[in-house]
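Peer 1: Following this message is one structure expressed as structure tokens.
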Amino acid sequence: MSGFGPAGPPPAPEITGWKHLRTGKVRELYTNDNNEILLVASDRISAYDWVMPTVIPGKGEVLTQLSLFWFELLEDIIGNHIISTDVPDVIEDRAIIVQPLNMFEVECVARGYLTGSGWSEYQNNRAVCGNKLPDGLFDGSKLPDEIFTPATKAEIGDHDINIDFEGAAKIVGADDAAELRELTIALYKTAAEFAASRGIIVADTKFEFGRNDKGQILLGDEALTPDSSRFWEASTWKPGGVQPSYDKQFLRDYLVSSGWDRNSPPPELPNEIVEKTAQRYEEAFFRITGSKF
Ligand SMILES: Nc1ncnc2c1ncn2[C@@H]1O[C@H](COP(=O)(O)OP(=O)(O)OP(=O)(O)O)[C@@H](O)[C@H]1O
Ligand SMILES: [Mg+2]
């Protein structure tokens, strides 16, 4: 099984001065003679571990610009990988030049609310990734405290697997695991508080950290985008079901209702779904930053 289906990933565009390194589900990575990385966000969208055959126009720009907003807002808590936003014209607004990081092989997820895989696990054992939780919570409930729920980064086409703190410590070592947990919770709390001031709930979010060539831990990848987070409308939040959201949930709900089996390459998306998804991503940007995309 491959996240891209039988045709494989689309060819990465050639960019003068940069050599293509690898293709992620959403991003293309390039490098140059200075050992910098050009991180280009495409308009691809993935769901249920598959990359959809239809793109969401403008999505790569929204992800990149929203990440830049958050990197700056959070840089007192931790430095990030950004070197420059001065990128070639063809990828303007959708790319950044970053320090190459040796990424920790753990996805650092913080949750303030119970939903998704956390809700599934809670129903089985009243805990999420080793964090014990009280009885009586619903899908969408606010958690008594923010929790760190790490996951292992799966290869393209595989599910990420939720692990507990000890599992993360086995992968990155106990000291680094403790530091990643502390950073993840601190970043989440600050971001969630900011978003709340704009009427948005950050239900959960995923960070990726790495070490640079000086051995410093930095925040890499993207930050608090609709791809990496669940953004809910605070004014209509009501535990006990699906929340109106500014993220991928709309696409996921469509895919479930479409009858697609999730085990074979996904169908092309109807125009209406493309447009509504694009609108939701732009609305997330607007609500959080206060600027029209
Ligand atoms: N500063 C950095 N240095 C090296 N790698 C980075 C850096 N920032 C992000 N990355 C990696 O670049 C990739 C981004 O691509 P994308 O978001 O499309 O990947 P993904 O589909 O989420 O994950 P993957 O394809 O790696 O399973 C991720 O593998 C991420 O870990
Ligand atoms: Mg990614």
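Following the order of the structure tokens, chains are lettered A, B, ..., residues in each are numbered from 1, and ligands are numbered from 1.
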Could you give me, as JSON lines, a per-residue list for chain A showing, wherever an atom lies at most 7 Å from an atom of ligand 2, the closest pair of atoms and their distance in Å to one decimal, using only C-alpha atoms and all ligand atoms and sorting by chain then residue number from low to high?
Peer 2:
{"residue": "A:Gly24", "atom": "CA", "partner": "ligand 2", "partner_atom_place_in_ligand_line": "1 (Mg)", "distance": 7.0}
{"residue": "A:Lys25", "atom": "CA", "partner": "ligand 2", "partner_atom_place_in_ligand_line": "1 (Mg)", "distance": 6.8}
{"residue": "A:Val26", "atom": "CA", "partner": "ligand 2", "partner_atom_place_in_ligand_line": "1 (Mg)", "distance": 6.4}
{"residue": "A:Asp221", "atom": "CA", "partner": "ligand 2", "partner_atom_place_in_ligand_line": "1 (Mg)", "distance": 6.9}
Peer 1: Could you tell me, counting only C-alpha atoms and all ligand atoms, which protein and nucleic acid residues lie no more than 9 Å from ligand 1, written as a ChimeraX atom specification?
Peer 2: /A:3,22-29,36-42,44,46,49,51,80-82,97-105,107,153-158,160,208-212,218-222,227-228
Peer 1: Taking 4 positions as the minimum chain separation for residues in the same chain, which residues sit within 8 Å of Ala191 of chain A when counting only C-alpha atoms? Answer as a compact mmCIF listing (two decimals) with C-alpha atoms, in the first residue's frame.
Peer 2:
# COMPACT_ATOMS: atom_id res chain seq x y z
CA TRP A 70 3.06 30.62 14.81
CA LEU A 74 6.21 30.83 19.83
CA LEU A 187 3.85 25.32 22.98
CA ALA A 195 -6.32 30.89 19.57
CA VAL A 202 -7.05 24.07 19.35
Peer 1: List every residue of segment 70-290 of chain A that DSSP, applied to the backbone of this structure, places in strand (DSSP E), and write the result as a PyMOL selection string.
Peer 2: chain A and resi 82-84+95-98+102-103+106-113+127-128+131-132+142-148+151-152+161-162+200-207+209-211+217-219+229-233
Peer 1: Can you list, as a ChimeraX atom specification, every residue of segment 67-259 of chain A that DSSP puts in alpha helix (DSSP H)?
Peer 2: /A:67-74,116-125,165-172,174-196,249-257
Peer 1: Determine the nearest neighbour of Ile45 of chain A from the options A:Thr289, A:Asn263, A:Gln249, A:Thr16, counting only C-alpha atoms.
Peer 2: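 Nearest candidate to Ile45 of chain A out of A:Thr289, A:Asn263, A:Gln249, A:Thr16: A:Gln249.
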Peer 1: Work out how far atom CA of Ile201 of chain A is from atom CA of Tyr188 of chain A, in Å to one decimal.
Peer 2: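 Computing it gives 11.2 Å between the two atoms.
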